[in-house]
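This report refers to the structure that appears directly beneath it.
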Amino acid sequence: MMQFYRSAVSGLAVLAFAGAAQAAENPAAKAFGAREVVLDASLSPDGKSIAMIQPLANGQASALVVAPTDGSSQPKPILSATGRPDRLTGCGWVSNTRLVCDIYMVTLQDARKLVFTRVVALNADGSNVRELSANSNNVVVEYQQFGGDVIDWLVDEPGGGAVLMTRHYREEATTGTLLANQRRGLAIEKIDTNTVQRTQVEPPRGDVVRYISDQHGVVRIYGQRPKTNTGYDTNRINYFYKPVGGGAWAPLSSYDGDAHTGFFPTDVDQGLNAAYGFEWMDGRRVAVRMALDGSGKREVLLAHDAVDVDRLIRVGRQHRVVGASYATERRQVEFFDPALKATAAALSKALNQPMIRFVDASQDGSRLLLWAGADVEPGRYYLYDKTAKRLAEVTPGRPELTGYKLSPVKPVSYKAADGTDIPAYLTLPPGSDGKYIPAIVMPHGGPESRDEWGFDWLAQYFAQRGFAVLQPNFRGSAGYGEAWFQKNGFQSWRTAIGDVVDAGRWLSSQGIAAPGKLAIVGWSYGGYAALQSSVLDADLFKAVVAIAPVTDLEALREEARAFTNFKIVDSYVGRGPHVKEGSPAQNAALIKAPVLMFHGDQDMNVGVAESRLMQARLKAAGRQSELVVYPGLDHQLDDSQARAQMLDKADAFLREALKL
């Protein structure tokens, strides 16, 4: 049996500036609305330093902080982003003294909102900041939106300091010059992060959307997405591989995202000369390993007869694949590495937490940065030293929730109208017997997603405020196979929304929801489901809260028209009567319940215009409705003050509408 020495790393406490904003009147709204203290974390190759992106108190701002893992000094902020528009989204160690960070922003270009990304490198003390993304210029024919991605940290390089990165080549105008670049496509470059010296490893290839390295400096796979005659993306990717030791590229597989056929590679194992990835078999997704020797030999690593295997588990800077996972009532992880399996089990037992996630590892694997949590534990970060068998807490993920008694999340199922059993999660108020209380149905976003067992800040907040919360994995949810997903939650909206409505009816029939005290709250597709449920059954829900909702399927289609993925979105939405019948904004007059909507005006997933359209249609129909727009925020509303205000306002709205 593994023994642990438990200690606290006091030097890695939460920074003083990483707290919730002081806007909402309700203390619970402040606590549950506060952003997580750790937005991203990584461990240096020697395991002696940790880097974390932490939120600042003002808006979406954040800071990169670095601290020694032995707690000998306080975390030191070395880089910050205002969040308007620049945001830090991830940072990793390229050596023991240098980091590489991704920056994301949404800006207005020619009256159109566009996403831009850039990559920078800096020393662990904040010095020598260098942009790694290739410079653009005023003769490039297209916008240089994407600044590249690190695909290999080159762990074998002596001393570190270099990475393999993608680079998007854009055609340049030729007028007045003989030096204009005519190359186009995605390339790979080796970049020295100190000097920004660039060496091309793979030339630009048209229509290539991804490269996969073996994590030892060799690019082994690339994926090419064919386009239509009009220049739009198709939903198929053709993959090619390079034989071990070099040679000509050869076909590997063709993955069709619509038909769910073919092998979808994600990682390469140098030692096994094989690729890890996924395939669909018998209507379910399975984890597969495929030889890269031309034989086409496949090995199913993990499959389940009821749900999809949807994740590969990776560890460390080499992104070594060590397992795969799937979610039934709870997420289950199957480790391919016996030693790591034993370590994970021992850590889970020592921490008394069922959920363990390996965040990062030192280069030699002797130190592990991990996260542990549960339904009633929002999660904490720990550092485990294998050699010393010492387990030290780094920081709680949500310190603002200290002192709050969280509610257990119970897997349940209910019957849909056609007799189908629908899986769901029920969260009751702390100490409640779950009888005749106000209740909320909370459909998830996506729809190509699903809810899972664990901590959910939105559901836990409403449980804290006295509501029972039911989160259904309605048909149209991902993770349960092709038959469950059907066409998708929009084209098959009657089934999906019917299951959501039946969730509300079940709460009432079980005596959980008190008469007249049933509401629905949803985010993104969940917001769409909240609105459309009241179209389908206008008398069931007495209040509707929709956050960043899709409200009109034709508008959703048109949002993509100027982008290369338009044909994919067009096919996803589909054509036919369901477009009008399944659009809440086209049926606003059928909604009787009062509606409250929230939306960020920088939302690139669902444009704020959809909520504004819904608001206008509801008002024109004489319905009670309010729309709150958050300037500068995107789909996730990643702002503690905004989230706290949203929770507070939604709670007050529900209490008034349900006469609580």
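By convention in this document, the chains of the structure tokens carry letters A, B, ... by their order, each chain's residues are numbered from 1, and ligands are numbered from 1 in the order they are shown.
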
Could you pull out the strand (DSSP E) residues of stretch 261-398 of chain A, going by DSSP on the backbone, and write them as a PyMOL selection string? chain A and resi 264-269+274-281+284-291+298-302+309-315+320-327+331-335+355-361+367-373+380-385+390-396

Those selected residues, please, written with C-alpha atoms and delivered as a PDB file, in the first residue's frame.
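Output contents, as saved in part-v3.pdb:
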ATOM      1  CA  PHE A 264      -9.526  10.012 -36.451  1.00  0.00           C
ATOM      2  CA  PRO A 265      -5.904  10.202 -35.178  1.00  0.00           C
ATOM      3  CA  THR A 266      -4.972  12.442 -32.269  1.00  0.00           C
ATOM      4  CA  ASP A 267      -1.519  11.345 -31.023  1.00  0.00           C
ATOM      5  CA  VAL A 268       1.564   9.428 -32.122  1.00  0.00           C
ATOM      6  CA  ASP A 269       3.578   7.008 -29.989  1.00  0.00           C
ATOM      7  CA  ALA A 274       1.518   3.881 -33.909  1.00  0.00           C
ATOM      8  CA  ALA A 275      -1.197   6.518 -33.761  1.00  0.00           C
ATOM      9  CA  TYR A 276      -3.856   6.838 -31.079  1.00  0.00           C
ATOM     10  CA  GLY A 277      -7.309   8.085 -31.951  1.00  0.00           C
ATOM     11  CA  PHE A 278     -10.974   7.234 -32.312  1.00  0.00           C
ATOM     12  CA  GLU A 279     -13.325   5.341 -34.607  1.00  0.00           C
ATOM     13  CA  TRP A 280     -17.039   4.611 -34.637  1.00  0.00           C
ATOM     14  CA  MET A 281     -17.967   0.957 -34.216  1.00  0.00           C
ATOM     15  CA  ARG A 284     -20.419   4.104 -30.619  1.00  0.00           C
ATOM     16  CA  ARG A 285     -17.081   5.866 -30.416  1.00  0.00           C
ATOM     17  CA  VAL A 286     -14.118   3.714 -29.369  1.00  0.00           C
ATOM     18  CA  ALA A 287     -10.441   4.384 -28.615  1.00  0.00           C
ATOM     19  CA  VAL A 288      -8.145   2.827 -31.195  1.00  0.00           C
ATOM     20  CA  ARG A 289      -4.416   2.430 -31.820  1.00  0.00           C
ATOM     21  CA  MET A 290      -3.323   2.103 -35.450  1.00  0.00           C
ATOM     22  CA  ALA A 291       0.083   1.009 -36.728  1.00  0.00           C
ATOM     23  CA  ARG A 298      -5.876  -1.530 -35.673  1.00  0.00           C
ATOM     24  CA  GLU A 299      -6.319  -2.382 -32.022  1.00  0.00           C
ATOM     25  CA  VAL A 300      -9.403  -1.352 -30.060  1.00  0.00           C
ATOM     26  CA  LEU A 301      -8.043  -0.123 -26.742  1.00  0.00           C
ATOM     27  CA  LEU A 302     -11.313   0.715 -25.028  1.00  0.00           C
ATOM     28  CA  VAL A 309     -15.254   6.477 -25.272  1.00  0.00           C
ATOM     29  CA  ASP A 310     -14.622  10.175 -25.755  1.00  0.00           C
ATOM     30  CA  ARG A 311     -11.273  11.104 -24.158  1.00  0.00           C
ATOM     31  CA  LEU A 312      -7.661  10.045 -24.220  1.00  0.00           C
ATOM     32  CA  ILE A 313      -5.664  10.631 -21.033  1.00  0.00           C
ATOM     33  CA  ARG A 314      -2.273  12.283 -21.568  1.00  0.00           C
ATOM     34  CA  VAL A 315       0.506  13.085 -19.100  1.00  0.00           C
ATOM     35  CA  ARG A 320       2.150  10.621 -23.436  1.00  0.00           C
ATOM     36  CA  VAL A 321      -1.119   8.730 -23.889  1.00  0.00           C
ATOM     37  CA  VAL A 322      -1.670   6.683 -20.730  1.00  0.00           C
ATOM     38  CA  GLY A 323      -5.374   5.856 -20.853  1.00  0.00           C
ATOM     39  CA  ALA A 324      -8.863   6.615 -22.108  1.00  0.00           C
ATOM     40  CA  SER A 325     -12.172   7.425 -20.460  1.00  0.00           C
ATOM     41  CA  TYR A 326     -15.928   7.401 -20.839  1.00  0.00           C
ATOM     42  CA  ALA A 327     -18.857   8.644 -18.768  1.00  0.00           C
ATOM     43  CA  ARG A 331     -16.683   9.297 -15.557  1.00  0.00           C
ATOM     44  CA  GLN A 332     -14.543   6.186 -15.644  1.00  0.00           C
ATOM     45  CA  VAL A 333     -10.840   6.157 -16.546  1.00  0.00           C
ATOM     46  CA  GLU A 334      -9.056   3.094 -17.876  1.00  0.00           C
ATOM     47  CA  PHE A 335      -5.282   3.455 -17.644  1.00  0.00           C
ATOM     48  CA  MET A 355     -12.091  12.339  -9.376  1.00  0.00           C
ATOM     49  CA  ILE A 356      -8.361  12.618 -10.102  1.00  0.00           C
ATOM     50  CA  ARG A 357      -6.955  14.423 -13.144  1.00  0.00           C
ATOM     51  CA  PHE A 358      -3.251  14.620 -13.979  1.00  0.00           C
ATOM     52  CA  VAL A 359      -2.587  18.213 -15.105  1.00  0.00           C
ATOM     53  CA  ASP A 360       1.153  18.030 -15.810  1.00  0.00           C
ATOM     54  CA  ALA A 361       4.346  16.212 -14.895  1.00  0.00           C
ATOM     55  CA  ARG A 367       6.589  14.910  -9.860  1.00  0.00           C
ATOM     56  CA  LEU A 368       2.937  15.157 -10.797  1.00  0.00           C
ATOM     57  CA  LEU A 369       0.665  18.187 -10.773  1.00  0.00           C
ATOM     58  CA  LEU A 370      -2.883  16.974 -10.274  1.00  0.00           C
ATOM     59  CA  TRP A 371      -6.436  18.114  -9.639  1.00  0.00           C
ATOM     60  CA  ALA A 372      -8.839  16.265  -7.344  1.00  0.00           C
ATOM     61  CA  GLY A 373     -12.539  16.938  -6.794  1.00  0.00           C
ATOM     62  CA  ARG A 380      -8.054  21.420  -5.442  1.00  0.00           C
ATOM     63  CA  TYR A 381      -4.609  21.299  -7.009  1.00  0.00           C
ATOM     64  CA  TYR A 382      -1.861  19.143  -5.534  1.00  0.00           C
ATOM     65  CA  LEU A 383       1.770  18.359  -6.192  1.00  0.00           C
ATOM     66  CA  TYR A 384       2.845  14.760  -5.713  1.00  0.00           C
ATOM     67  CA  ASP A 385       6.513  13.832  -5.372  1.00  0.00           C
ATOM     68  CA  ARG A 390       4.939  13.590  -0.474  1.00  0.00           C
ATOM     69  CA  LEU A 391       1.577  15.083  -1.393  1.00  0.00           C
ATOM     70  CA  ALA A 392       1.271  18.845  -1.029  1.00  0.00           C
ATOM     71  CA  GLU A 393      -1.771  21.023  -1.660  1.00  0.00           C
ATOM     72  CA  VAL A 394      -1.102  23.832  -4.120  1.00  0.00           C
ATOM     73  CA  THR A 395      -4.364  25.757  -4.011  1.00  0.00           C
ATOM     74  CA  PRO A 396      -8.133  25.294  -3.787  1.00  0.00           C
TER      75      PRO A 396
END

Contact residues around stretch 569-583 of chain A with only C-alpha atoms at 6 Å, ignoring same-chain residues under 5 positions, as a list in words: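 Contacts, with the query itself left out: Thr551, Asp552, Leu553 and Arg557 of chain A.
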
Neighbours of A:Arg655 within 12 Å (only C-alpha atoms; same-chain residues fewer than 5 positions away dropped), as a list in words?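 Contacts, in chain order: Pro438, Ala439, Ile440, Phe462, Arg465, Gly466, Phe467, Gly516, Lys517, Leu518, Ala519, Lys542, Ala543, Val544, Pro594, Asp648, Lys649, Ala650 and Leu660 of chain A.
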
Write a file of the selected residues as a PDB file, in the first residue's frame, keeping N, CA, C and O atoms.
ATOM      1  N   PRO A 438     -39.427  24.510  -4.813  1.00  0.00           N
ATOM      2  CA  PRO A 438     -39.230  25.078  -6.154  1.00  0.00           C
ATOM      3  C   PRO A 438     -38.165  24.278  -6.900  1.00  0.00           C
ATOM      4  O   PRO A 438     -37.199  23.792  -6.295  1.00  0.00           O
ATOM      5  N   ALA A 439     -38.353  24.108  -8.202  1.00  0.00           N
ATOM      6  CA  ALA A 439     -37.453  23.242  -8.969  1.00  0.00           C
ATOM      7  C   ALA A 439     -37.116  23.862 -10.314  1.00  0.00           C
ATOM      8  O   ALA A 439     -37.880  24.665 -10.867  1.00  0.00           O
ATOM      9  N   ILE A 440     -35.960  23.460 -10.827  1.00  0.00           N
ATOM     10  CA  ILE A 440     -35.449  23.962 -12.100  1.00  0.00           C
ATOM     11  C   ILE A 440     -35.021  22.787 -12.961  1.00  0.00           C
ATOM     12  O   ILE A 440     -34.323  21.883 -12.493  1.00  0.00           O
ATOM     13  N   PHE A 462     -28.048  27.384  -7.514  1.00  0.00           N
ATOM     14  CA  PHE A 462     -29.502  27.361  -7.362  1.00  0.00           C
ATOM     15  C   PHE A 462     -29.934  26.376  -6.279  1.00  0.00           C
ATOM     16  O   PHE A 462     -30.935  26.610  -5.587  1.00  0.00           O
ATOM     17  N   ARG A 465     -29.736  28.116  -3.140  1.00  0.00           N
ATOM     18  CA  ARG A 465     -30.834  29.075  -2.979  1.00  0.00           C
ATOM     19  C   ARG A 465     -32.188  28.394  -2.780  1.00  0.00           C
ATOM     20  O   ARG A 465     -33.226  29.047  -2.802  1.00  0.00           O
ATOM     21  N   GLY A 466     -32.180  27.062  -2.621  1.00  0.00           N
ATOM     22  CA  GLY A 466     -33.411  26.363  -2.265  1.00  0.00           C
ATOM     23  C   GLY A 466     -34.128  25.667  -3.399  1.00  0.00           C
ATOM     24  O   GLY A 466     -35.252  25.184  -3.216  1.00  0.00           O
ATOM     25  N   PHE A 467     -33.498  25.566  -4.576  1.00  0.00           N
ATOM     26  CA  PHE A 467     -34.134  24.924  -5.723  1.00  0.00           C
ATOM     27  C   PHE A 467     -33.607  23.506  -5.908  1.00  0.00           C
ATOM     28  O   PHE A 467     -32.410  23.247  -5.748  1.00  0.00           O
ATOM     29  N   GLY A 516     -46.861  24.782  -9.450  1.00  0.00           N
ATOM     30  CA  GLY A 516     -46.666  26.165  -9.887  1.00  0.00           C
ATOM     31  C   GLY A 516     -45.287  26.724  -9.590  1.00  0.00           C
ATOM     32  O   GLY A 516     -45.045  27.921  -9.761  1.00  0.00           O
ATOM     33  N   LYS A 517     -44.341  25.865  -9.158  1.00  0.00           N
ATOM     34  CA  LYS A 517     -43.004  26.344  -8.762  1.00  0.00           C
ATOM     35  C   LYS A 517     -41.908  25.718  -9.629  1.00  0.00           C
ATOM     36  O   LYS A 517     -40.828  25.399  -9.167  1.00  0.00           O
ATOM     37  N   LEU A 518     -42.191  25.551 -10.905  1.00  0.00           N
ATOM     38  CA  LEU A 518     -41.243  24.906 -11.811  1.00  0.00           C
ATOM     39  C   LEU A 518     -40.728  25.916 -12.845  1.00  0.00           C
ATOM     40  O   LEU A 518     -41.514  26.595 -13.499  1.00  0.00           O
ATOM     41  N   ALA A 519     -39.405  25.994 -12.990  1.00  0.00           N
ATOM     42  CA  ALA A 519     -38.778  26.912 -13.938  1.00  0.00           C
ATOM     43  C   ALA A 519     -37.766  26.152 -14.785  1.00  0.00           C
ATOM     44  O   ALA A 519     -37.460  24.981 -14.524  1.00  0.00           O
ATOM     45  N   LYS A 542     -43.000  28.041 -15.371  1.00  0.00           N
ATOM     46  CA  LYS A 542     -43.558  29.332 -14.984  1.00  0.00           C
ATOM     47  C   LYS A 542     -42.544  30.470 -15.101  1.00  0.00           C
ATOM     48  O   LYS A 542     -42.903  31.629 -14.879  1.00  0.00           O
ATOM     49  N   ALA A 543     -41.311  30.133 -15.448  1.00  0.00           N
ATOM     50  CA  ALA A 543     -40.279  31.155 -15.641  1.00  0.00           C
ATOM     51  C   ALA A 543     -39.180  30.561 -16.508  1.00  0.00           C
ATOM     52  O   ALA A 543     -38.864  29.367 -16.395  1.00  0.00           O
ATOM     53  N   VAL A 544     -38.575  31.406 -17.357  1.00  0.00           N
ATOM     54  CA  VAL A 544     -37.538  30.961 -18.284  1.00  0.00           C
ATOM     55  C   VAL A 544     -36.323  31.875 -18.151  1.00  0.00           C
ATOM     56  O   VAL A 544     -36.444  33.095 -18.272  1.00  0.00           O
ATOM     57  N   PRO A 594     -42.786  34.435 -18.115  1.00  0.00           N
ATOM     58  CA  PRO A 594     -41.833  35.547 -18.201  1.00  0.00           C
ATOM     59  C   PRO A 594     -40.438  35.023 -18.544  1.00  0.00           C
ATOM     60  O   PRO A 594     -40.050  33.930 -18.118  1.00  0.00           O
ATOM     61  N   ASP A 648     -27.431  36.670  -9.202  1.00  0.00           N
ATOM     62  CA  ASP A 648     -28.286  37.427  -8.288  1.00  0.00           C
ATOM     63  C   ASP A 648     -29.590  37.828  -8.966  1.00  0.00           C
ATOM     64  O   ASP A 648     -30.682  37.665  -8.413  1.00  0.00           O
ATOM     65  N   LYS A 649     -29.475  38.324 -10.194  1.00  0.00           N
ATOM     66  CA  LYS A 649     -30.660  38.794 -10.921  1.00  0.00           C
ATOM     67  C   LYS A 649     -31.565  37.626 -11.308  1.00  0.00           C
ATOM     68  O   LYS A 649     -32.797  37.721 -11.209  1.00  0.00           O
ATOM     69  N   ALA A 650     -30.957  36.504 -11.737  1.00  0.00           N
ATOM     70  CA  ALA A 650     -31.747  35.336 -12.104  1.00  0.00           C
ATOM     71  C   ALA A 650     -32.498  34.786 -10.892  1.00  0.00           C
ATOM     72  O   ALA A 650     -33.667  34.397 -10.985  1.00  0.00           O
ATOM     73  N   LEU A 660     -42.174  33.106  -4.675  1.00  0.00           N
ATOM     74  CA  LEU A 660     -41.528  32.470  -3.524  1.00  0.00           C
ATOM     75  C   LEU A 660     -41.344  33.463  -2.392  1.00  0.00           C
ATOM     76  O   LEU A 660     -41.152  34.657  -2.631  1.00  0.00           O
TER      77      LEU A 660
END

Please report, as a PyMOL selection string, each residue of stretch 360-608 of chain A to which DSSP assigns alpha helix (DSSP H) when run on this structure's backbone. chain A and resi 457-464+482-485+493-509+525-536+553-559+566-573+578-581+608

Would you kindly return, as JSON, numbers by chain, each protein, DNA or RNA residue with an atom no farther than 10 Å from any atom of A:Ala593, considering only C-alpha atoms and excluding same-chain residues fewer than 4 positions away? {"A": [519, 531, 534, 535, 538, 539, 540, 541, 542, 543, 544, 623, 624, 625, 657]}

For A:Gln460: contacts at 12 Å, only C-alpha atoms, fewer than 6 positions along chain excluded, given as an MDAnalysis selection string: chainID A and resid 28:29 31:33 375:378 401 404:409 425:430 440 442 454 466:471 647

Which polymer residues have any atom within 12 Å of an atom of A:Ser524, counting only C-alpha atoms, with same-chain residues fewer than 2 positions away left out, as number ranges by chain? A: 442-449, 521-522, 526-531, 545-551, 556, 597-600, 603-608, 610-611, 634-637

For the selection just defined, write its residues with N, CA, C and O atoms to a file, as a short mmCIF file (atom, residue, chain, number, x, y, z; two decimals), in the first residue's frame.
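Produced file part_1.cif, reproduced below:
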data_model
loop_
_atom_site.label_atom_id
_atom_site.label_comp_id
_atom_site.auth_asym_id
_atom_site.auth_seq_id
_atom_site.Cartn_x
_atom_site.Cartn_y
_atom_site.Cartn_z
N MET A 442 -32.51 22.11 -15.96
CA MET A 442 -31.35 22.82 -16.49
C MET A 442 -30.71 22.02 -17.62
O MET A 442 -29.78 21.24 -17.41
N PRO A 443 -31.20 22.16 -18.86
CA PRO A 443 -30.60 21.45 -20.00
C PRO A 443 -29.22 22.00 -20.33
O PRO A 443 -28.97 23.20 -20.20
N HIS A 444 -28.33 21.12 -20.75
CA HIS A 444 -26.95 21.51 -21.03
C HIS A 444 -26.82 22.21 -22.39
O HIS A 444 -27.74 22.22 -23.20
N GLY A 445 -25.64 22.75 -22.64
CA GLY A 445 -25.34 23.39 -23.92
C GLY A 445 -24.94 22.36 -24.95
O GLY A 445 -25.05 21.16 -24.77
N GLY A 446 -24.45 22.84 -26.07
CA GLY A 446 -24.01 21.94 -27.14
C GLY A 446 -24.73 22.22 -28.45
O GLY A 446 -24.44 23.22 -29.10
N PRO A 447 -25.69 21.36 -28.88
CA PRO A 447 -26.19 20.18 -28.16
C PRO A 447 -25.22 19.00 -28.14
O PRO A 447 -25.45 18.01 -27.46
N GLU A 448 -24.12 19.10 -28.91
CA GLU A 448 -23.17 17.98 -28.98
C GLU A 448 -22.31 17.96 -27.72
O GLU A 448 -21.11 18.18 -27.75
N SER A 449 -22.96 17.70 -26.61
CA SER A 449 -22.33 17.70 -25.29
C SER A 449 -23.20 16.86 -24.37
O SER A 449 -24.19 16.27 -24.81
N VAL A 521 -33.86 26.79 -16.77
CA VAL A 521 -32.68 27.65 -16.91
C VAL A 521 -31.69 26.94 -17.82
O VAL A 521 -31.39 25.76 -17.61
N GLY A 522 -31.16 27.64 -18.83
CA GLY A 522 -30.20 27.00 -19.72
C GLY A 522 -29.23 27.99 -20.34
O GLY A 522 -29.52 29.18 -20.44
N GLY A 526 -28.69 25.05 -24.17
CA GLY A 526 -29.59 24.95 -23.02
C GLY A 526 -30.55 26.13 -22.95
O GLY A 526 -31.71 25.98 -22.55
N GLY A 527 -30.05 27.32 -23.35
CA GLY A 527 -30.94 28.49 -23.42
C GLY A 527 -31.96 28.34 -24.52
O GLY A 527 -33.14 28.72 -24.36
N TYR A 528 -31.53 27.79 -25.65
CA TYR A 528 -32.47 27.47 -26.72
C TYR A 528 -33.53 26.49 -26.23
O TYR A 528 -34.74 26.68 -26.45
N ALA A 529 -33.08 25.43 -25.53
CA ALA A 529 -34.02 24.43 -25.02
C ALA A 529 -34.99 25.04 -24.01
O ALA A 529 -36.16 24.67 -23.97
N ALA A 530 -34.50 25.97 -23.20
CA ALA A 530 -35.37 26.63 -22.22
C ALA A 530 -36.49 27.39 -22.92
O ALA A 530 -37.67 27.31 -22.53
N LEU A 531 -36.13 28.13 -23.96
CA LEU A 531 -37.13 28.91 -24.70
C LEU A 531 -38.06 28.00 -25.51
O LEU A 531 -39.29 28.16 -25.48
N VAL A 545 -35.15 31.27 -17.90
CA VAL A 545 -33.89 32.00 -17.92
C VAL A 545 -33.03 31.40 -19.03
O VAL A 545 -32.73 30.20 -19.00
N ALA A 546 -32.62 32.22 -20.00
CA ALA A 546 -31.83 31.75 -21.13
C ALA A 546 -30.55 32.58 -21.22
O ALA A 546 -30.61 33.80 -21.37
N ILE A 547 -29.41 31.92 -21.13
CA ILE A 547 -28.11 32.59 -21.18
C ILE A 547 -27.45 32.28 -22.52
O ILE A 547 -27.29 31.11 -22.88
N ALA A 548 -27.11 33.31 -23.27
CA ALA A 548 -26.47 33.18 -24.59
C ALA A 548 -27.21 32.16 -25.46
O ALA A 548 -26.60 31.24 -26.02
N PRO A 549 -28.53 32.29 -25.62
CA PRO A 549 -29.30 31.25 -26.30
C PRO A 549 -29.30 31.38 -27.83
O PRO A 549 -29.23 32.48 -28.38
N VAL A 550 -29.36 30.25 -28.50
CA VAL A 550 -29.78 30.22 -29.90
C VAL A 550 -31.29 30.47 -29.90
O VAL A 550 -32.02 29.83 -29.14
N THR A 551 -31.74 31.39 -30.73
CA THR A 551 -33.18 31.68 -30.76
C THR A 551 -33.80 31.51 -32.14
O THR A 551 -35.02 31.43 -32.26
N LEU A 556 -28.83 31.37 -36.95
CA LEU A 556 -27.64 30.59 -36.62
C LEU A 556 -26.89 30.19 -37.89
O LEU A 556 -25.66 30.26 -37.95
N MET A 597 -33.15 36.98 -20.20
CA MET A 597 -32.02 36.54 -21.02
C MET A 597 -30.77 37.34 -20.67
O MET A 597 -30.85 38.51 -20.31
N PHE A 598 -29.61 36.66 -20.81
CA PHE A 598 -28.30 37.29 -20.63
C PHE A 598 -27.44 36.96 -21.84
O PHE A 598 -27.49 35.83 -22.36
N HIS A 599 -26.63 37.93 -22.29
CA HIS A 599 -25.79 37.67 -23.47
C HIS A 599 -24.61 38.64 -23.48
O HIS A 599 -24.77 39.82 -23.17
N GLY A 600 -23.42 38.15 -23.84
CA GLY A 600 -22.26 39.01 -24.04
C GLY A 600 -22.22 39.50 -25.47
O GLY A 600 -22.50 38.74 -26.40
N ASP A 603 -19.86 37.63 -28.11
CA ASP A 603 -20.08 36.19 -28.24
C ASP A 603 -19.83 35.75 -29.68
O ASP A 603 -20.52 36.20 -30.59
N MET A 604 -18.83 34.85 -29.87
CA MET A 604 -18.54 34.34 -31.20
C MET A 604 -19.17 32.97 -31.44
O MET A 604 -19.08 32.44 -32.54
N ASN A 605 -19.78 32.39 -30.42
CA ASN A 605 -20.49 31.12 -30.58
C ASN A 605 -21.92 31.34 -31.04
O ASN A 605 -22.39 30.71 -31.99
N VAL A 606 -22.60 32.22 -30.34
CA VAL A 606 -23.98 32.60 -30.67
C VAL A 606 -24.04 34.12 -30.61
O VAL A 606 -23.86 34.69 -29.53
N GLY A 607 -24.28 34.76 -31.72
CA GLY A 607 -24.28 36.22 -31.75
C GLY A 607 -25.34 36.82 -30.85
O GLY A 607 -26.45 36.28 -30.71
N VAL A 608 -25.02 37.95 -30.23
CA VAL A 608 -25.97 38.64 -29.36
C VAL A 608 -27.22 39.07 -30.11
O VAL A 608 -28.28 39.27 -29.52
N GLU A 610 -29.10 37.29 -31.74
CA GLU A 610 -30.17 36.30 -31.55
C GLU A 610 -31.01 36.62 -30.32
O GLU A 610 -32.24 36.50 -30.34
N SER A 611 -30.36 37.03 -29.24
CA SER A 611 -31.13 37.41 -28.05
C SER A 611 -31.89 38.70 -28.28
O SER A 611 -33.02 38.87 -27.79
N ASP A 634 -17.77 37.41 -23.84
CA ASP A 634 -18.08 36.43 -24.87
C ASP A 634 -19.07 35.40 -24.35
O ASP A 634 -19.79 35.63 -23.37
N HIS A 635 -19.08 34.23 -24.99
CA HIS A 635 -20.09 33.21 -24.73
C HIS A 635 -20.07 32.71 -23.29
O HIS A 635 -21.11 32.37 -22.73
N GLN A 636 -18.89 32.65 -22.68
CA GLN A 636 -18.76 32.09 -21.34
C GLN A 636 -18.98 33.10 -20.22
O GLN A 636 -19.03 32.72 -19.05
N LEU A 637 -19.08 34.37 -20.55
CA LEU A 637 -19.23 35.42 -19.54
C LEU A 637 -18.17 35.27 -18.45
O LEU A 637 -18.47 35.21 -17.25
#

So what do you get for atom CA of A:Pro55 versus atom CA of A:Ile78, distance-wise?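 Here the two named atoms are 13.5 Å from each other.
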
Determine, for each residue of stretch 128-168 of chain A having at least one atom at most 10 Å from an atom of stretch 103-117 of chain A, the closest pair of atoms and their separation in Å to one decimal, counting only C-alpha atoms; order by chain and ascending number, as a tab-separated table.
residue	atom	partner	partner_atom	distance
A:Ser133	CA	A:Thr117	CA	8.8
A:Tyr143	CA	A:Gln109	CA	9.0
A:Gln144	CA	A:Phe116	CA	7.8
A:Gln145	CA	A:Phe116	CA	4.5
A:Phe146	CA	A:Thr117	CA	4.9
A:Gly147	CA	A:Thr117	CA	5.2
A:Gly148	CA	A:Thr117	CA	7.5
A:Asp149	CA	A:Thr117	CA	9.3

Per residue of stretch 306-415 of chain A within 10 Å of stretch 501-505 of chain A, note the shortest atom pair and the distance in Å to one decimal, counting only C-alpha atoms, and order the rows by chain and increasing residue number, as JSON lines.
{"residue": "A:Ser413", "atom": "CA", "partner": "A:Ala503", "partner_atom": "CA", "distance": 9.2}
{"residue": "A:Tyr414", "atom": "CA", "partner": "A:Ala503", "partner_atom": "CA", "distance": 7.1}
{"residue": "A:Lys415", "atom": "CA", "partner": "A:Asp502", "partner_atom": "CA", "distance": 7.6}
